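What follows is a set of notes on a single structure, which appears directly below.
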Amino acid sequence: MSATLLPTLPPPEPAAVPAARLALQTEGASRGLLDGAWWPRTRDLPSELPALTAVLDTLWGRITRVAVNPEHWPVIPRKVPVGGHVVKVGWFTPEIDPHKLLLLSYGTGRWDLLIIPPETGAESASRLMAAASGHDGPPLTASALIAAEETRYGGTAPVSGVSPEQADRAGPVMETGPVDRLLADR
């Protein structure tokens with residue numbers, strides 16, 4: 001009997017997590033109903049949260065808890081490991097707007113982000129990010145911003161000019177303050 005020995009393979013390198021697509025209010029801006037907007041790539045919360053918290057942990061302090069409305073998230077885990085710590089995840093149906101993500105940071109505070117649906121086209125996402133991170137007009141809830149976009153521009157579905165995949169290839173997007181253009185080099 002003979003045995004075949006294969007060379008030892010190096011351990012697999014962890015896959016790079018794409019940067020969060022995020023727009024935040026500038027420091028010193030008056031606090032409205034939303035502190036910014038987040039445009040996840042999928043509706044897979046466990047895979048989306050690490051990229052978001054990687055950015056927010058450095059800006060707002062360690063994110064320890066997240067709360068969402070389960071309407072748009074098919075799976076909501078109780079805990080998600082992110083960057084060396086665990087974020088506890090809760091869900092509340094009537095208390096949280098379906099298009100909002102509530103984030104808590106230990107000892108630092110609370111932030112509310114508009115969740116832009118992943119299937120939203122780049123142009124719509126840019127307008128929504130600008131509206132959530134700027135102060136042009138009366139403060140609106142997350143669902144009111146989504147509804148206004150759908151009413152004014154005919155929906156948040158992908159537009160023919162730029163698909164979400166093309167937007168991903170543009171690289172990470174993170175703006176602080178009002179967003180003039182979500183995707184540079186378009």
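If you're wondering about the labels, chains in the structure tokens are A, B, ... by order shown, residues count from 1 in each chain, ligands from 1 in order shown.
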Hey, what's within 7 Å of Val68 of chain A if we count only C-alpha atoms and toss same-chain stuff fewer than 3 positions away? As a short mmCIF file (atom, residue, chain, number, x, y, z; two decimals) with C-alpha atoms, in the first residue's frame, please?
```cif
data_model
loop_
_atom_site.label_atom_id
_atom_site.label_comp_id
_atom_site.auth_asym_id
_atom_site.auth_seq_id
_atom_site.Cartn_x
_atom_site.Cartn_y
_atom_site.Cartn_z
CA GLY A 90 -31.78 43.60 18.31
CA TRP A 91 -34.89 44.03 16.25
CA PHE A 92 -38.06 45.93 16.93
CA ILE A 96 -37.90 51.34 14.54
CA LYS A 100 -33.35 53.00 9.72
CA LEU A 101 -30.41 51.47 11.56
CA LEU A 102 -29.93 52.47 15.21
#
```
* **alpha helix (DSSP H) call set, DSSP backbone run, segment 24-102 of chain A, as a PyMOL selection string** => chain A and resi 45-60
Suppose we keep C-alpha atoms; can you now write the selection as a PDB file, in the first residue's frame?
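The new file selection36.pdb reads:
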```pdb
ATOM      1  CA  LEU A  45     -26.711  41.798   7.986  1.00  0.00           C
ATOM      2  CA  PRO A  46     -23.992  39.514   9.443  1.00  0.00           C
ATOM      3  CA  SER A  47     -21.767  40.108   6.410  1.00  0.00           C
ATOM      4  CA  GLU A  48     -22.553  43.838   6.089  1.00  0.00           C
ATOM      5  CA  LEU A  49     -22.050  44.973   9.703  1.00  0.00           C
ATOM      6  CA  PRO A  50     -18.275  44.384   9.931  1.00  0.00           C
ATOM      7  CA  ALA A  51     -17.481  46.912   7.177  1.00  0.00           C
ATOM      8  CA  LEU A  52     -19.849  49.477   8.676  1.00  0.00           C
ATOM      9  CA  THR A  53     -18.536  49.143  12.214  1.00  0.00           C
ATOM     10  CA  ALA A  54     -14.918  49.219  10.994  1.00  0.00           C
ATOM     11  CA  VAL A  55     -15.515  52.778   9.818  1.00  0.00           C
ATOM     12  CA  LEU A  56     -17.786  53.913  12.648  1.00  0.00           C
ATOM     13  CA  ASP A  57     -15.672  52.490  15.481  1.00  0.00           C
ATOM     14  CA  THR A  58     -12.883  54.936  14.605  1.00  0.00           C
ATOM     15  CA  LEU A  59     -15.267  57.886  14.273  1.00  0.00           C
ATOM     16  CA  TRP A  60     -17.809  57.307  17.014  1.00  0.00           C
TER      17      TRP A  60
END
```
* **Nearest-residue call for Ala144 of chain A, choices A:Val66, A:Leu34, A:Val89, A:Ala23, using only C-alpha atoms** => A:Leu34
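Separating atom CA of Ser133 of chain A from atom CA of Arg41 of chain A is a distance of 19.2 Å.
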Name the residues in contact with Asp97 of chain A at a cut-off of 7 Å, using only C-alpha atoms, excluding same-chain residues fewer than 4 positions from it; report them as a PDB file with all heavy atoms, in the first residue's frame.
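Ended up saving to part.pdb:
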```pdb
ATOM      1  N   ASN A  69     -35.310  47.151  12.123  1.00  0.00           N
ATOM      2  CA  ASN A  69     -36.645  46.615  11.910  1.00  0.00           C
ATOM      3  C   ASN A  69     -36.461  45.407  10.998  1.00  0.00           C
ATOM      4  O   ASN A  69     -35.765  45.504   9.991  1.00  0.00           O
ATOM      5  CB  ASN A  69     -37.528  47.671  11.246  1.00  0.00           C
ATOM      6  CG  ASN A  69     -38.956  47.221  11.079  1.00  0.00           C
ATOM      7  OD1 ASN A  69     -39.227  46.155  10.552  1.00  0.00           O
ATOM      8  ND2 ASN A  69     -39.882  48.041  11.521  1.00  0.00           N
ATOM      9  N   ALA A 142     -36.570  58.243   8.002  1.00  0.00           N
ATOM     10  CA  ALA A 142     -35.938  57.404   6.988  1.00  0.00           C
ATOM     11  C   ALA A 142     -36.948  56.966   5.931  1.00  0.00           C
ATOM     12  O   ALA A 142     -36.693  57.071   4.729  1.00  0.00           O
ATOM     13  CB  ALA A 142     -35.280  56.195   7.653  1.00  0.00           C
ATOM     14  N   SER A 143     -38.114  56.485   6.359  1.00  0.00           N
ATOM     15  CA  SER A 143     -39.131  56.040   5.398  1.00  0.00           C
ATOM     16  C   SER A 143     -39.667  57.196   4.570  1.00  0.00           C
ATOM     17  O   SER A 143     -39.975  57.032   3.385  1.00  0.00           O
ATOM     18  CB  SER A 143     -40.284  55.325   6.113  1.00  0.00           C
ATOM     19  OG  SER A 143     -39.872  54.037   6.500  1.00  0.00           O
TER      20      SER A 143
END
```
* Just the residues within 9 Å of Trp39 of chain A, please, counting only C-alpha atoms, with nothing from its chain fewer than 3 positions along; format it as a PyMOL selection string. => chain A and resi 20-23+42+114-118+120+125+129
Could the residues in this selection be written to a file with C-alpha atoms, as a CSV table (one decimal), in the first residue's frame?
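And here is the file that came out, out23.csv:
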```csv
chain,number,residue,atom,x,y,z
A,20,ALA,CA,-18.9,50.6,3.7
A,21,ARG,CA,-20.8,53.0,1.4
A,22,LEU,CA,-21.6,55.7,3.9
A,23,ALA,CA,-22.4,59.4,4.2
A,42,THR,CA,-26.8,43.0,0.3
A,114,LEU,CA,-30.9,55.8,6.8
A,115,ILE,CA,-30.6,52.3,5.2
A,116,ILE,CA,-30.7,52.7,1.5
A,117,PRO,CA,-31.9,49.4,-0.1
A,118,PRO,CA,-29.1,47.5,-1.7
A,120,THR,CA,-31.1,51.1,-5.3
A,125,ALA,CA,-28.5,56.4,-3.6
A,129,MET,CA,-27.2,60.0,1.0
```
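Between atom CA of Pro74 of chain A and atom CA of Ala132 of chain A the separation is 24.4 Å.
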* Could you check which of A:Leu24, A:Ala148, A:Ile63, A:Val75 is closest to Ala37 of chain A, using only C-alpha atoms? => A:Leu24
